[in-house]
Amino acid sequence: MTANQTQIKRKRGGQKGNRNARKHGFYSGTLSRAETSQLWDITNLEGVDPEIAFIRVKLQSSFQDDPGNRRVITEASRLLVKWYSENYGLDATDSYLKTVVQNLLETASMRQSAGLQGSQKQMADRRNESYVL
């Protein structure tokens, strides 16, 4: 038998554990009702450009679902650098701007992750206290 014949035959379609059909996060094509409301609030009340507001809403959603996702951070920093370069006449090939934006997004991601871990610990502590009482 060859190496190919000894492998288990895969079933058709998406394999267990893949994220191809993911409906949330930075790469989803739609916004939830809450995200749409948040987008319009940011755009209308804060006066932020709709493209930047969209990236902001998608990043926030992504940080909640998967805070350490470096691919999302890289893609968001690329989009932000592209937008600022086009609108303010900056050099899009300048790696310094991309590095600064990427570092800011990574810091935000780590803070979000730390906040989620802290809130999960608080919830677990509260559950444990309720069992004691």
# chains A, B, ... in the order shown; residues from 1 in each chain; ligands from 1
$ residues_around --residues "range 53-68 of chain A" --least-positions-apart "5" --cutoff "12 Å" --atoms "only C-alpha atoms" --output "short mmCIF file (atom, residue, chain, number, x, y, z; two decimals) with N, CA and C atoms, in the first residue's frame"
data_model
loop_
_atom_site.label_atom_id
_atom_site.label_comp_id
_atom_site.auth_asym_id
_atom_site.auth_seq_id
_atom_site.Cartn_x
_atom_site.Cartn_y
_atom_site.Cartn_z
N ARG A 22 -18.41 30.42 9.00
CA ARG A 22 -18.52 31.33 10.14
C ARG A 22 -19.37 32.54 9.77
N LYS A 23 -20.30 32.88 10.64
CA LYS A 23 -21.24 33.95 10.35
C LYS A 23 -20.97 35.22 11.15
N HIS A 24 -19.92 35.25 11.94
CA HIS A 24 -19.61 36.43 12.73
C HIS A 24 -18.11 36.73 12.62
N GLY A 25 -17.71 37.82 13.18
CA GLY A 25 -16.30 38.17 13.15
C GLY A 25 -15.96 39.15 12.04
N PHE A 26 -14.71 39.42 11.88
CA PHE A 26 -14.23 40.46 10.97
C PHE A 26 -14.53 40.13 9.51
N TYR A 27 -14.53 38.88 9.15
CA TYR A 27 -14.67 38.51 7.75
C TYR A 27 -16.11 38.21 7.33
N SER A 28 -17.06 38.30 8.24
CA SER A 28 -18.44 38.06 7.84
C SER A 28 -18.92 39.24 6.99
N GLY A 29 -19.84 38.96 6.10
CA GLY A 29 -20.29 39.99 5.18
C GLY A 29 -21.42 40.86 5.70
N THR A 30 -21.97 40.52 6.82
CA THR A 30 -23.12 41.25 7.32
C THR A 30 -22.89 41.73 8.75
N LEU A 31 -23.71 42.66 9.14
CA LEU A 31 -23.70 43.16 10.52
C LEU A 31 -24.98 42.73 11.20
N SER A 32 -24.89 42.44 12.48
CA SER A 32 -26.10 42.16 13.25
C SER A 32 -26.86 43.47 13.46
N ARG A 33 -28.05 43.38 13.98
CA ARG A 33 -28.84 44.60 14.25
C ARG A 33 -28.12 45.51 15.23
N ALA A 34 -27.53 44.91 16.27
CA ALA A 34 -26.81 45.70 17.26
C ALA A 34 -25.59 46.38 16.65
N GLU A 35 -24.89 45.65 15.77
CA GLU A 35 -23.72 46.22 15.11
C GLU A 35 -24.11 47.34 14.15
N THR A 36 -25.23 47.17 13.45
CA THR A 36 -25.71 48.21 12.55
C THR A 36 -26.07 49.46 13.32
N SER A 37 -26.74 49.28 14.45
CA SER A 37 -27.09 50.41 15.30
C SER A 37 -25.83 51.11 15.81
N GLN A 38 -24.86 50.32 16.23
CA GLN A 38 -23.60 50.87 16.71
C GLN A 38 -22.88 51.63 15.59
N LEU A 39 -22.90 51.08 14.38
CA LEU A 39 -22.27 51.73 13.24
C LEU A 39 -22.88 53.11 13.00
N TRP A 40 -24.20 53.20 13.01
CA TRP A 40 -24.85 54.48 12.76
C TRP A 40 -24.64 55.45 13.91
N ASP A 41 -24.60 54.95 15.13
CA ASP A 41 -24.30 55.83 16.27
C ASP A 41 -22.91 56.43 16.15
N ILE A 42 -21.93 55.60 15.80
CA ILE A 42 -20.56 56.08 15.66
C ILE A 42 -20.49 57.10 14.52
N THR A 43 -21.15 56.80 13.42
CA THR A 43 -21.10 57.68 12.25
C THR A 43 -21.81 59.00 12.51
N ASN A 44 -23.02 58.94 13.06
CA ASN A 44 -23.82 60.15 13.22
C ASN A 44 -23.49 60.94 14.48
N LEU A 45 -23.27 60.28 15.59
CA LEU A 45 -23.04 61.00 16.85
C LEU A 45 -21.59 61.42 17.03
N GLU A 46 -20.67 60.58 16.58
CA GLU A 46 -19.25 60.89 16.76
C GLU A 46 -18.63 61.52 15.53
N GLY A 47 -19.35 61.51 14.41
CA GLY A 47 -18.85 62.12 13.19
C GLY A 47 -17.70 61.37 12.53
N VAL A 48 -17.63 60.07 12.76
CA VAL A 48 -16.57 59.24 12.18
C VAL A 48 -16.97 58.81 10.78
N ILE A 73 -6.06 41.37 12.95
CA ILE A 73 -5.32 42.58 13.28
C ILE A 73 -4.51 43.05 12.07
N THR A 74 -3.87 42.13 11.40
CA THR A 74 -3.08 42.47 10.22
C THR A 74 -3.96 43.05 9.12
N GLU A 75 -5.10 42.42 8.86
CA GLU A 75 -6.00 42.89 7.82
C GLU A 75 -6.59 44.25 8.17
N ALA A 76 -6.99 44.44 9.41
CA ALA A 76 -7.55 45.73 9.83
C ALA A 76 -6.51 46.83 9.74
N SER A 77 -5.29 46.54 10.14
CA SER A 77 -4.25 47.57 10.05
C SER A 77 -3.97 47.91 8.58
N ARG A 78 -4.01 46.92 7.71
CA ARG A 78 -3.82 47.18 6.28
C ARG A 78 -4.92 48.09 5.74
N LEU A 79 -6.17 47.80 6.11
CA LEU A 79 -7.29 48.62 5.65
C LEU A 79 -7.21 50.04 6.20
N LEU A 80 -6.85 50.18 7.47
CA LEU A 80 -6.75 51.51 8.05
C LEU A 80 -5.63 52.33 7.41
N VAL A 81 -4.48 51.71 7.19
CA VAL A 81 -3.37 52.41 6.55
C VAL A 81 -3.76 52.81 5.13
N TRP A 83 -6.80 53.43 4.00
CA TRP A 83 -7.78 54.52 4.07
C TRP A 83 -7.10 55.84 4.39
N LEU A 105 -3.59 48.04 17.54
CA LEU A 105 -4.65 47.03 17.48
C LEU A 105 -4.30 45.81 18.32
N GLU A 106 -3.04 45.40 18.34
CA GLU A 106 -2.63 44.27 19.17
C GLU A 106 -2.80 44.60 20.65
N THR A 107 -2.48 45.83 21.03
CA THR A 107 -2.67 46.26 22.42
C THR A 107 -4.15 46.23 22.78
N ALA A 108 -4.99 46.73 21.89
CA ALA A 108 -6.43 46.71 22.14
C ALA A 108 -6.94 45.28 22.26
N SER A 109 -6.43 44.39 21.42
CA SER A 109 -6.82 42.99 21.46
C SER A 109 -6.43 42.35 22.79
N MET A 110 -5.21 42.64 23.25
CA MET A 110 -4.75 42.07 24.52
C MET A 110 -5.59 42.60 25.68
N ARG A 111 -5.92 43.89 25.63
CA ARG A 111 -6.77 44.46 26.70
C ARG A 111 -8.15 43.83 26.69
N GLN A 112 -8.70 43.63 25.49
CA GLN A 112 -10.00 42.98 25.38
C GLN A 112 -9.94 41.56 25.92
N SER A 113 -8.89 40.85 25.58
CA SER A 113 -8.71 39.48 26.05
C SER A 113 -8.57 39.44 27.56
N ALA A 114 -7.79 40.36 28.12
CA ALA A 114 -7.62 40.42 29.57
C ALA A 114 -8.93 40.77 30.25
N GLY A 115 -9.69 41.67 29.64
CA GLY A 115 -11.00 42.03 30.20
C GLY A 115 -11.97 40.88 30.18
N LEU A 116 -11.95 40.10 29.10
CA LEU A 116 -12.83 38.93 29.02
C LEU A 116 -12.44 37.88 30.04
N GLN A 117 -11.14 37.65 30.19
CA GLN A 117 -10.68 36.66 31.16
C GLN A 117 -11.03 37.10 32.57
#
$ atom_distance --atom1 "CA of Asp91 in chain A" --atom2 "CA of Leu104 in chain A"
19.2 Å
